[in-house]
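Next comes final-v5.pdb, with PDB, C-alpha atoms and all ligand atoms.
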```
MODEL        1
ATOM      1  CA  MET A  29      -2.836 -38.144 -45.290
ATOM      2  CA  LYS A  30      -1.854 -41.677 -46.292
ATOM      3  CA  GLU A  31      -4.579 -44.197 -47.017
ATOM      4  CA  ALA A  32      -4.493 -47.775 -45.764
ATOM      5  CA  LEU A  33      -7.003 -50.266 -47.137
ATOM      6  CA  VAL A  34      -8.191 -53.422 -45.393
ATOM      7  CA  ILE A  35      -9.222 -55.900 -48.069
ATOM      8  CA  GLY A  36     -10.208 -59.575 -48.349
ATOM      9  CA  ARG A  37     -13.074 -62.020 -48.624
ATOM     10  CA  PRO A  38     -16.326 -61.615 -46.661
ATOM     11  CA  ASN A  39     -16.176 -62.834 -43.063
ATOM     12  CA  VAL A  40     -12.390 -63.023 -42.913
ATOM     13  CA  GLY A  41     -12.337 -60.454 -40.089
ATOM     14  CA  LYS A  42     -11.667 -57.117 -41.822
ATOM     15  CA  THR A  43     -14.075 -55.113 -39.692
ATOM     16  CA  LEU A  44     -13.075 -56.717 -36.400
ATOM     17  CA  PHE A  45      -9.422 -56.102 -37.282
ATOM     18  CA  THR A  46     -10.110 -52.439 -38.129
ATOM     19  CA  VAL A  47     -11.919 -51.777 -34.838
ATOM     20  CA  ASN A  48      -9.530 -53.722 -32.604
ATOM     21  CA  PHE A  49      -6.417 -52.351 -34.327
ATOM     22  CA  ALA A  50      -7.737 -48.823 -33.736
ATOM     23  CA  GLU A  51      -8.158 -49.727 -30.061
ATOM     24  CA  HIS A  52      -4.614 -51.152 -30.021
ATOM     25  CA  LEU A  53      -3.344 -47.775 -31.244
ATOM     26  CA  GLY A  54      -4.967 -46.105 -28.248
ATOM     27  CA  GLN A  55      -8.181 -44.940 -29.856
ATOM     28  CA  LYS A  56     -10.919 -44.665 -27.194
ATOM     29  CA  ARG A  57     -13.695 -43.850 -29.616
ATOM     30  CA  LEU A  58     -14.057 -44.254 -33.325
ATOM     31  CA  GLU A  59     -15.255 -41.614 -35.690
ATOM     32  CA  VAL A  60     -16.335 -43.811 -38.574
ATOM     33  CA  MET A  61     -16.835 -42.143 -41.923
ATOM     34  CA  PHE A  62     -19.289 -44.105 -44.057
ATOM     35  CA  ARG A  63     -18.892 -43.581 -47.762
ATOM     36  CA  PRO A  64     -21.906 -45.203 -49.428
ATOM     37  CA  ARG A  65     -21.956 -45.435 -53.212
ATOM     38  CA  ASP A  66     -25.341 -43.711 -53.605
ATOM     39  CA  GLY A  67     -25.524 -40.960 -51.080
ATOM     40  CA  ALA A  68     -23.574 -38.502 -49.075
ATOM     41  CA  THR A  69     -20.725 -39.440 -46.787
ATOM     42  CA  TYR A  70     -21.745 -39.388 -43.113
ATOM     43  CA  THR A  71     -19.953 -39.878 -39.822
ATOM     44  CA  ARG A  72     -20.926 -41.784 -36.697
ATOM     45  CA  VAL A  73     -19.071 -41.806 -33.417
ATOM     46  CA  TYR A  74     -18.752 -45.141 -31.626
ATOM     47  CA  SER A  75     -17.204 -46.426 -28.475
ATOM     48  CA  ILE A  76     -14.886 -49.325 -29.339
ATOM     49  CA  ALA A  77     -17.385 -51.795 -27.846
ATOM     50  CA  GLY A  78     -20.236 -50.111 -29.699
ATOM     51  CA  ALA A  79     -18.372 -50.354 -32.999
ATOM     52  CA  ARG A  80     -17.729 -54.050 -32.434
ATOM     53  CA  ALA A  81     -21.390 -54.675 -31.627
ATOM     54  CA  ASP A  82     -22.720 -52.651 -34.533
ATOM     55  CA  LEU A  83     -20.256 -53.269 -37.364
ATOM     56  CA  VAL A  84     -18.846 -56.780 -36.913
ATOM     57  CA  GLY A  85     -21.035 -59.696 -37.845
ATOM     58  CA  GLU A  86     -21.423 -63.341 -38.677
ATOM     59  CA  GLY A  87     -23.584 -62.720 -41.718
ATOM     60  CA  LEU A  88     -21.849 -62.234 -45.028
ATOM     61  CA  HIS A  89     -21.557 -58.700 -46.375
ATOM     62  CA  ARG A  90     -22.440 -56.676 -43.343
ATOM     63  CA  THR A  91     -20.018 -54.000 -44.546
ATOM     64  CA  LEU A  92     -21.816 -52.415 -47.481
ATOM     65  CA  GLY A  93     -19.469 -49.655 -48.471
ATOM     66  CA  LEU A  94     -16.170 -48.103 -47.555
ATOM     67  CA  GLN A  95     -15.856 -47.248 -43.845
ATOM     68  CA  SER A  96     -12.901 -45.127 -42.790
ATOM     69  CA  VAL A  97     -11.332 -44.163 -39.492
ATOM     70  CA  VAL A  98      -8.421 -41.832 -38.873
ATOM     71  CA  LEU A  99      -5.695 -43.426 -36.765
ATOM     72  CA  ARG A 100      -2.766 -41.784 -35.024
ATOM     73  CA  VAL A 101       0.443 -43.771 -35.300
ATOM     74  CA  PRO A 102       3.488 -42.658 -33.251
ATOM     75  CA  LYS A 103       6.631 -42.489 -35.384
ATOM     76  CA  GLY A 104       9.776 -41.334 -33.588
ATOM     77  CA  LYS A 105       8.901 -38.105 -31.810
ATOM     78  CA  SER A 106       5.998 -37.263 -34.076
ATOM     79  CA  VAL A 107       2.559 -38.736 -34.616
ATOM     80  CA  ARG A 108       1.495 -39.626 -38.137
ATOM     81  CA  ARG A 109      -2.112 -39.849 -39.126
ATOM     82  CA  VAL A 110      -3.414 -42.503 -41.471
ATOM     83  CA  VAL A 111      -6.888 -43.141 -42.873
ATOM     84  CA  LEU A 112      -7.704 -46.811 -42.350
ATOM     85  CA  THR A 113     -10.476 -47.943 -44.658
ATOM     86  CA  ASP A 114     -12.455 -51.106 -44.052
ATOM     87  CA  SER A 115     -14.032 -52.432 -47.219
ATOM     88  CA  THR A 116     -16.711 -54.744 -48.588
ATOM     89  CA  GLY A 117     -15.557 -58.340 -48.982
ATOM     90  CA  LEU A 118     -14.688 -59.517 -52.485
ATOM     91  CA  ILE A 119     -16.001 -62.771 -53.951
ATOM     92  CA  ASP A 120     -15.365 -64.670 -57.174
ATOM     93  CA  ASP A 121     -19.007 -64.932 -58.243
ATOM     94  CA  VAL A 122     -21.478 -62.266 -59.324
ATOM     95  CA  HIS A 123     -23.362 -61.331 -56.164
ATOM     96  CA  PRO A 124     -27.191 -61.271 -56.589
ATOM     97  CA  SER A 125     -27.552 -57.930 -54.790
ATOM     98  CA  SER A 126     -26.697 -54.836 -56.800
ATOM     99  CA  VAL A 127     -25.893 -53.001 -53.557
ATOM    100  CA  VAL A 128     -23.178 -55.542 -52.770
ATOM    101  CA  ARG A 129     -21.896 -55.545 -56.371
ATOM    102  CA  ARG A 130     -21.522 -51.777 -56.303
ATOM    103  CA  ALA A 131     -19.864 -51.881 -52.910
ATOM    104  CA  MET A 132     -17.376 -54.427 -54.270
ATOM    105  CA  ALA A 133     -16.650 -52.107 -57.188
ATOM    106  CA  ASP A 134     -15.876 -49.351 -54.656
ATOM    107  CA  THR A 135     -13.459 -51.698 -52.900
ATOM    108  CA  ILE A 136     -11.607 -52.300 -56.162
ATOM    109  CA  ARG A 137     -11.445 -48.580 -56.896
ATOM    110  CA  ALA A 138     -10.011 -47.937 -53.427
ATOM    111  CA  VAL A 139      -7.105 -50.286 -54.193
ATOM    112  CA  SER A 140      -5.547 -47.855 -56.651
ATOM    113  CA  GLU A 141      -5.782 -44.989 -54.127
ATOM    114  CA  ALA A 142      -4.254 -46.891 -51.222
ATOM    115  CA  HIS A 143      -0.659 -46.358 -50.084
ATOM    116  CA  LEU A 144      -0.933 -49.385 -47.866
ATOM    117  CA  ILE A 145      -2.874 -52.589 -48.417
ATOM    118  CA  LEU A 146      -3.585 -54.951 -45.536
ATOM    119  CA  HIS A 147      -4.875 -58.132 -47.146
ATOM    120  CA  LEU A 148      -6.690 -60.362 -44.671
ATOM    121  CA  VAL A 149      -6.890 -64.055 -45.426
ATOM    122  CA  ASP A 150      -7.967 -67.078 -43.446
ATOM    123  CA  PRO A 151      -4.971 -69.430 -43.821
ATOM    124  CA  VAL A 152      -7.144 -72.558 -43.836
ATOM    125  CA  GLU A 153      -9.178 -71.286 -46.785
ATOM    126  CA  GLY A 154      -6.138 -71.121 -49.057
ATOM    127  CA  VAL A 155      -5.324 -68.287 -51.445
ATOM    128  CA  THR A 156      -7.308 -68.739 -54.656
ATOM    129  CA  GLY A 157      -9.423 -66.668 -57.043
ATOM    130  CA  VAL A 158      -9.804 -63.064 -56.003
ATOM    131  CA  ASP A 159      -7.306 -63.541 -53.142
ATOM    132  CA  LEU A 160      -4.679 -64.627 -55.646
ATOM    133  CA  ASP A 161      -5.433 -61.576 -57.807
ATOM    134  CA  ILE A 162      -4.951 -59.239 -54.836
ATOM    135  CA  LEU A 163      -1.750 -61.061 -53.838
ATOM    136  CA  ARG A 164      -0.263 -60.818 -57.334
ATOM    137  CA  TYR A 165      -1.060 -57.111 -57.490
ATOM    138  CA  GLY A 166       0.168 -56.487 -53.956
ATOM    139  CA  LYS A 167       3.500 -58.238 -54.383
ATOM    140  CA  THR A 168       4.579 -55.515 -56.795
ATOM    141  CA  HIS A 169       3.916 -52.787 -54.167
ATOM    142  CA  ASP A 170       5.984 -51.831 -51.106
ATOM    143  CA  GLY A 171       3.060 -51.090 -48.810
ATOM    144  CA  TYR A 172       1.445 -54.519 -49.144
ATOM    145  CA  ALA A 173       1.178 -57.134 -46.424
ATOM    146  CA  VAL A 174      -0.828 -60.307 -45.912
ATOM    147  CA  LEU A 175      -2.516 -60.662 -42.521
ATOM    148  CA  ALA A 176      -3.128 -64.342 -41.832
ATOM    149  CA  ASN A 177      -6.097 -63.962 -39.486
ATOM    150  CA  LYS A 178      -7.876 -66.163 -36.943
ATOM    151  CA  VAL A 179      -4.665 -67.775 -35.668
ATOM    152  CA  ASP A 180      -6.510 -68.285 -32.361
ATOM    153  CA  LEU A 181      -8.491 -71.009 -34.149
ATOM    154  CA  PRO A 182      -7.120 -74.501 -34.886
ATOM    155  CA  GLY A 183      -5.147 -75.232 -38.059
ATOM    156  CA  ARG A 184      -4.149 -71.670 -38.962
ATOM    157  CA  ALA A 185      -0.609 -71.626 -37.558
ATOM    158  CA  ASP A 186       0.351 -74.677 -39.639
ATOM    159  CA  ARG A 187      -0.326 -72.816 -42.859
ATOM    160  CA  ILE A 188       1.798 -69.706 -42.284
ATOM    161  CA  ALA A 189       5.032 -71.024 -43.832
ATOM    162  CA  GLU A 190       3.245 -71.986 -47.046
ATOM    163  CA  LEU A 191       1.543 -68.591 -47.162
ATOM    164  CA  SER A 192       4.859 -66.795 -46.637
ATOM    165  CA  ARG A 193       6.410 -68.632 -49.573
ATOM    166  CA  LEU A 194       3.479 -67.639 -51.775
ATOM    167  CA  ALA A 195       3.642 -63.979 -50.682
ATOM    168  CA  THR A 196       7.429 -63.530 -51.002
ATOM    169  CA  PRO A 197       8.798 -60.827 -51.054
ATOM    170  CA  SER A 198       5.819 -59.327 -49.213
ATOM    171  CA  PRO A 199       5.486 -59.917 -45.463
ATOM    172  CA  VAL A 200       2.906 -62.229 -43.898
ATOM    173  CA  PHE A 201       1.812 -61.401 -40.333
ATOM    174  CA  PRO A 202      -0.033 -64.087 -38.368
ATOM    175  CA  VAL A 203      -2.760 -62.219 -36.462
ATOM    176  CA  SER A 204      -5.884 -62.716 -34.432
ATOM    177  CA  ALA A 205      -8.244 -59.804 -34.942
ATOM    178  CA  LEU A 206     -10.175 -61.198 -31.994
ATOM    179  CA  ARG A 207      -7.324 -61.451 -29.483
ATOM    180  CA  GLY A 208      -4.889 -58.834 -30.816
ATOM    181  CA  THR A 209      -2.144 -61.332 -31.577
ATOM    182  CA  GLY A 210       0.402 -59.927 -34.035
ATOM    183  CA  PHE A 211      -0.857 -56.325 -33.797
ATOM    184  CA  ARG A 212       2.551 -55.007 -32.679
ATOM    185  CA  GLU A 213       4.144 -56.377 -35.824
ATOM    186  CA  VAL A 214       1.410 -54.907 -38.024
ATOM    187  CA  ARG A 215       1.819 -51.559 -36.267
ATOM    188  CA  GLY A 216       5.564 -51.686 -37.014
ATOM    189  CA  PHE A 217       4.859 -52.375 -40.671
ATOM    190  CA  VAL A 218       2.330 -49.519 -40.903
ATOM    191  CA  ARG A 219       4.763 -47.167 -39.169
ATOM    192  CA  ARG A 220       7.561 -48.037 -41.608
ATOM    193  CA  CYS A 221       5.224 -47.283 -44.526
ATOM    194  CA  LEU A 222       4.201 -43.809 -43.257
TER     195      LEU A 222
HETATM  196  N1  LIG A 301     -11.985 -66.656 -33.670
HETATM  197  C1  LIG A 301     -11.860 -65.555 -34.413
HETATM  198  N2  LIG A 301     -12.945 -65.018 -35.002
HETATM  199  C2  LIG A 301     -12.774 -63.910 -35.753
HETATM  200  C3  LIG A 301     -11.504 -63.312 -35.926
HETATM  201  N3  LIG A 301     -11.661 -62.243 -36.743
HETATM  202  C4  LIG A 301     -12.977 -62.178 -37.041
HETATM  203  N4  LIG A 301     -13.654 -63.177 -36.444
HETATM  204  C5  LIG A 301     -15.117 -63.430 -36.515
HETATM  205  O1  LIG A 301     -15.480 -63.608 -37.877
HETATM  206  C6  LIG A 301     -16.764 -63.014 -38.142
HETATM  207  C7  LIG A 301     -16.646 -61.993 -39.268
HETATM  208  O2  LIG A 301     -15.902 -60.873 -38.833
HETATM  209  P1  LIG A 301     -15.991 -59.475 -39.577
HETATM  210  O3  LIG A 301     -14.941 -58.598 -38.986
HETATM  211  O4  LIG A 301     -17.388 -58.956 -39.597
HETATM  212  O5  LIG A 301     -15.558 -59.937 -41.059
HETATM  213  P2  LIG A 301     -15.522 -59.078 -42.417
HETATM  214  O6  LIG A 301     -16.694 -59.532 -43.235
HETATM  215  O7  LIG A 301     -14.229 -59.454 -43.081
HETATM  216  O8  LIG A 301     -15.577 -57.628 -42.057
HETATM  217  C8  LIG A 301     -17.223 -62.398 -36.825
HETATM  218  O9  LIG A 301     -18.065 -63.313 -36.186
HETATM  219  C9  LIG A 301     -15.932 -62.228 -36.051
HETATM  220  O10 LIG A 301     -16.136 -62.243 -34.657
HETATM  221  C10 LIG A 301     -10.374 -63.903 -35.270
HETATM  222  O11 LIG A 301      -9.224 -63.460 -35.354
HETATM  223  N5  LIG A 301     -10.618 -65.033 -34.542
HETATM  224 MG    MG A 302     -16.879 -56.165 -42.651
ENDMDL
END
```

For the file at hand, write its structure as structure tokens.
Ligand SMILES: Nc1nc2c(ncn2[C@@H]2O[C@H](COP(=O)(O)OP(=O)(O)O)[C@@H](O)[C@H]2O)c(=O)[nH]1
Ligand SMILES: [Mg+2]
Amino acid sequence: MKEALVIGRPNVGKTLFTVNFAEHLGQKRLEVMFRPRDGATYTRVYSIAGARADLVGEGLHRTLGLQSVVLRVPKGKSVRRVVLTDSTGLIDDVHPSSVVRRAMADTIRAVSEAHLILHLVDPVEGVTGVDLDILRYGKTHDGYAVLANKVDLPGRADRIAELSRLATPSPVFPVSALRGTGFREVRGFVRRCL
């Protein structure tokens, strides 16, 4: 099964995107596989609303380890399955908590195993530091796309052209993880990569 990784800074909307994109693909419930660094992998089953309530949050670093869901993506007459992995947000500084530092290390390790990388950015934050590192790496890979999130909020749409220039030749999809804007285009990209 192909692996798709959702990556980006804390609070950019990775978890909300993962849950709502799964819903967009017709998933009624989510079987989330938690893969903590120290401890055995375990699975929890959520309703979509339950996953949003439990996993998405305002506070930084709510996602403390890799969290994967299996999605079914129609392609022609068949259905392809893809493991979509939500990850711990990356930062430029050394995080004070060793749990978060380890979780970030897991995120980096997952990059090399991913066939597809969905890099979430907030267009008003600009692409610097760790975002620029991911972008430079991603641009050399076919299955890489930038998801310019939170376009439902003011100021984001104005920054898409600039972001597209920076990401060339990789695609930039303006999305709202909250409202589902741009999900069709992301689905098309994922389908082409499977
Ligand atoms: N307005 C708006 N808020 C969003 C969007 N995506 C995420 N958020 C909010 O941003 C916060 C962080 O989201 P979360 O998915 O937990 O971010 P993560 O740390 O990248 O996993 C939550 O309060 C979300 O509701 C979006 O597209 N639009
Ligand atoms: Mg998260």

The PyMOL selection byres (((chain A and resi 77) around 12) and not hetatm) resolved against shown file, as a ChimeraX atom specification: /A:44,47-48,50-51,55-58,73-76,78-84

Can you write just those residues out, C-alpha atoms, as a CSV table (one decimal), in the coordinates of the input?
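out.csv was written with the following content:
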```
chain,number,residue,atom,x,y,z
A,44,LEU,CA,-13.1,-56.7,-36.4
A,47,VAL,CA,-11.9,-51.8,-34.8
A,48,ASN,CA,-9.5,-53.7,-32.6
A,50,ALA,CA,-7.7,-48.8,-33.7
A,51,GLU,CA,-8.2,-49.7,-30.1
A,55,GLN,CA,-8.2,-44.9,-29.9
A,56,LYS,CA,-10.9,-44.7,-27.2
A,57,ARG,CA,-13.7,-43.8,-29.6
A,58,LEU,CA,-14.1,-44.3,-33.3
A,73,VAL,CA,-19.1,-41.8,-33.4
A,74,TYR,CA,-18.8,-45.1,-31.6
A,75,SER,CA,-17.2,-46.4,-28.5
A,76,ILE,CA,-14.9,-49.3,-29.3
A,78,GLY,CA,-20.2,-50.1,-29.7
A,79,ALA,CA,-18.4,-50.4,-33.0
A,80,ARG,CA,-17.7,-54.0,-32.4
A,81,ALA,CA,-21.4,-54.7,-31.6
A,82,ASP,CA,-22.7,-52.7,-34.5
A,83,LEU,CA,-20.3,-53.3,-37.4
A,84,VAL,CA,-18.8,-56.8,-36.9
```

What residues of the protein or nucleic acid chains come within 6 Å of ligand LIG 301 (chain A) when you use only C-alpha atoms and all ligand atoms? Reply as a ChimeraX atom specification. /A:38-44,84-86,89,117,177-178,180-181,204-206

Thr113 in chain A surroundings by only C-alpha atoms, 7 Å radius, close-in-sequence under 2 positions cut, as a list in words: Ala32, Leu33, Val34, Leu94, Gln95, Ser96, Val97, Val111 and Ser115 of chain A

Pull out every residue that the PyMOL selection byres (((chain A and resi 214) around 10) and not hetatm) matches in the shown coordinates and put them as a ChimeraX atom specification. /A:49,146,173-175,199-203,209-213,215-220

One decimal, Å: what's the distance from CA of Leu99 in chain A over to CA of Ile35 in chain A, could you say? 17.2 Å

For CA of Thr46 in chain A and CA of Leu112 in chain A, quote the distance in Å rounded to one decimal.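 Computing it gives 7.4 Å between the two atoms.
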
Would you mind reading off the distance between CA of Cys221 in chain A and CA of Leu160 in chain A, one decimal, in Å?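 CA of Cys221 in chain A sits 22.9 Å away from CA of Leu160 in chain A.
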
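Counting only C-alpha atoms and all ligand atoms and comparing A:Lys103, A:His52, A:Arg90, A:Arg63, the residue that lies closest to ligand MG 302 (chain A) is A:Arg90.
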
Check what the PyMOL selection byres (((chain A and resi 185-189) around 9) and not hetatm) selects in the file above and give those residues as a list in words. Pro151, Val152, Gly154, Ala176, Val179, Asp180, Leu181, Pro182, Gly183, Arg184, Glu190, Leu191, Ser192, Arg193, Leu194, Val200, Phe201 and Pro202 of chain A

With only C-alpha atoms as the counted atoms, please give the residues lying no more than 8 Å from range 129-141 of chain A, apart from itself and same-chain residues fewer than 4 positions off, as a ChimeraX atom specification. /A:31,33,35,64-65,92-94,115-118,122-125,145

Min atom-atom distance to Gly54 in chain A from the set A:Ile119, A:Met29, A:Ala68, A:Val98, counting all atoms listed in the file, belongs to A:Val98

Taking all atoms listed in the file into account, which of A:Asp121, A:Asp66, A:Asp159, A:Glu59 comes nearest Arg37 in chain A?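 Under the stated criterion, the closest residue is A:Asp159.
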
Please rebuild range 48-67 of chain A with N, CA, C and O atoms and return the result as a PDB file, keeping the file's coordinate frame.
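Once everything was written out, this is out33.pdb:
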```pdb
ATOM      1  N   ASN A  48     -10.444 -53.342 -33.691  1.00  0.00           N
ATOM      2  CA  ASN A  48      -9.530 -53.722 -32.604  1.00  0.00           C
ATOM      3  C   ASN A  48      -8.123 -53.156 -32.811  1.00  0.00           C
ATOM      4  O   ASN A  48      -7.409 -52.886 -31.839  1.00  0.00           O
ATOM      5  N   PHE A  49      -7.721 -52.960 -34.055  1.00  0.00           N
ATOM      6  CA  PHE A  49      -6.417 -52.351 -34.327  1.00  0.00           C
ATOM      7  C   PHE A  49      -6.455 -50.871 -33.932  1.00  0.00           C
ATOM      8  O   PHE A  49      -5.479 -50.343 -33.387  1.00  0.00           O
ATOM      9  N   ALA A  50      -7.576 -50.221 -34.165  1.00  0.00           N
ATOM     10  CA  ALA A  50      -7.737 -48.823 -33.736  1.00  0.00           C
ATOM     11  C   ALA A  50      -7.625 -48.740 -32.216  1.00  0.00           C
ATOM     12  O   ALA A  50      -6.958 -47.852 -31.673  1.00  0.00           O
ATOM     13  N   GLU A  51      -8.247 -49.690 -31.527  1.00  0.00           N
ATOM     14  CA  GLU A  51      -8.158 -49.727 -30.061  1.00  0.00           C
ATOM     15  C   GLU A  51      -6.710 -49.960 -29.625  1.00  0.00           C
ATOM     16  O   GLU A  51      -6.217 -49.312 -28.705  1.00  0.00           O
ATOM     17  N   HIS A  52      -6.026 -50.859 -30.319  1.00  0.00           N
ATOM     18  CA  HIS A  52      -4.614 -51.152 -30.021  1.00  0.00           C
ATOM     19  C   HIS A  52      -3.754 -49.887 -30.137  1.00  0.00           C
ATOM     20  O   HIS A  52      -2.801 -49.702 -29.384  1.00  0.00           O
ATOM     21  N   LEU A  53      -4.108 -49.012 -31.057  1.00  0.00           N
ATOM     22  CA  LEU A  53      -3.344 -47.775 -31.244  1.00  0.00           C
ATOM     23  C   LEU A  53      -3.773 -46.680 -30.262  1.00  0.00           C
ATOM     24  O   LEU A  53      -3.359 -45.536 -30.389  1.00  0.00           O
ATOM     25  N   GLY A  54      -4.633 -47.038 -29.314  1.00  0.00           N
ATOM     26  CA  GLY A  54      -4.967 -46.105 -28.248  1.00  0.00           C
ATOM     27  C   GLY A  54      -6.236 -45.312 -28.480  1.00  0.00           C
ATOM     28  O   GLY A  54      -6.582 -44.436 -27.697  1.00  0.00           O
ATOM     29  N   GLN A  55      -6.939 -45.646 -29.537  1.00  0.00           N
ATOM     30  CA  GLN A  55      -8.181 -44.940 -29.856  1.00  0.00           C
ATOM     31  C   GLN A  55      -9.255 -45.332 -28.831  1.00  0.00           C
ATOM     32  O   GLN A  55      -9.487 -46.524 -28.616  1.00  0.00           O
ATOM     33  N   LYS A  56      -9.873 -44.354 -28.189  1.00  0.00           N
ATOM     34  CA  LYS A  56     -10.919 -44.665 -27.194  1.00  0.00           C
ATOM     35  C   LYS A  56     -12.299 -44.668 -27.845  1.00  0.00           C
ATOM     36  O   LYS A  56     -13.223 -45.312 -27.387  1.00  0.00           O
ATOM     37  N   ARG A  57     -12.424 -43.864 -28.881  1.00  0.00           N
ATOM     38  CA  ARG A  57     -13.695 -43.850 -29.616  1.00  0.00           C
ATOM     39  C   ARG A  57     -13.360 -43.755 -31.101  1.00  0.00           C
ATOM     40  O   ARG A  57     -12.272 -43.311 -31.485  1.00  0.00           O
ATOM     41  N   LEU A  58     -14.286 -44.202 -31.882  1.00  0.00           N
ATOM     42  CA  LEU A  58     -14.057 -44.254 -33.325  1.00  0.00           C
ATOM     43  C   LEU A  58     -15.014 -43.321 -34.047  1.00  0.00           C
ATOM     44  O   LEU A  58     -16.227 -43.404 -33.859  1.00  0.00           O
ATOM     45  N   GLU A  59     -14.433 -42.453 -34.831  1.00  0.00           N
ATOM     46  CA  GLU A  59     -15.255 -41.614 -35.690  1.00  0.00           C
ATOM     47  C   GLU A  59     -15.247 -42.300 -37.054  1.00  0.00           C
ATOM     48  O   GLU A  59     -14.257 -42.237 -37.778  1.00  0.00           O
ATOM     49  N   VAL A  60     -16.305 -43.018 -37.345  1.00  0.00           N
ATOM     50  CA  VAL A  60     -16.335 -43.811 -38.574  1.00  0.00           C
ATOM     51  C   VAL A  60     -17.012 -43.011 -39.678  1.00  0.00           C
ATOM     52  O   VAL A  60     -18.145 -42.547 -39.526  1.00  0.00           O
ATOM     53  N   MET A  61     -16.286 -42.850 -40.772  1.00  0.00           N
ATOM     54  CA  MET A  61     -16.835 -42.143 -41.923  1.00  0.00           C
ATOM     55  C   MET A  61     -17.364 -43.182 -42.903  1.00  0.00           C
ATOM     56  O   MET A  61     -16.608 -44.004 -43.413  1.00  0.00           O
ATOM     57  N   PHE A  62     -18.673 -43.168 -43.110  1.00  0.00           N
ATOM     58  CA  PHE A  62     -19.289 -44.105 -44.057  1.00  0.00           C
ATOM     59  C   PHE A  62     -19.347 -43.432 -45.412  1.00  0.00           C
ATOM     60  O   PHE A  62     -19.775 -42.284 -45.526  1.00  0.00           O
ATOM     61  N   ARG A  63     -18.906 -44.160 -46.423  1.00  0.00           N
ATOM     62  CA  ARG A  63     -18.892 -43.581 -47.762  1.00  0.00           C
ATOM     63  C   ARG A  63     -19.720 -44.440 -48.717  1.00  0.00           C
ATOM     64  O   ARG A  63     -19.191 -45.189 -49.522  1.00  0.00           O
ATOM     65  N   PRO A  64     -21.052 -44.375 -48.566  1.00  0.00           N
ATOM     66  CA  PRO A  64     -21.906 -45.203 -49.428  1.00  0.00           C
ATOM     67  C   PRO A  64     -21.818 -44.758 -50.885  1.00  0.00           C
ATOM     68  O   PRO A  64     -21.543 -43.595 -51.165  1.00  0.00           O
ATOM     69  N   ARG A  65     -22.052 -45.699 -51.776  1.00  0.00           N
ATOM     70  CA  ARG A  65     -21.956 -45.435 -53.212  1.00  0.00           C
ATOM     71  C   ARG A  65     -22.997 -44.391 -53.640  1.00  0.00           C
ATOM     72  O   ARG A  65     -22.700 -43.425 -54.310  1.00  0.00           O
ATOM     73  N   ASP A  66     -24.272 -44.625 -53.209  1.00  0.00           N
ATOM     74  CA  ASP A  66     -25.341 -43.711 -53.605  1.00  0.00           C
ATOM     75  C   ASP A  66     -25.736 -42.892 -52.393  1.00  0.00           C
ATOM     76  O   ASP A  66     -26.574 -43.294 -51.620  1.00  0.00           O
ATOM     77  N   GLY A  67     -25.139 -41.772 -52.229  1.00  0.00           N
ATOM     78  CA  GLY A  67     -25.524 -40.960 -51.080  1.00  0.00           C
ATOM     79  C   GLY A  67     -24.318 -40.275 -50.487  1.00  0.00           C
ATOM     80  O   GLY A  67     -23.184 -40.616 -50.800  1.00  0.00           O
TER      81      GLY A  67
END
```
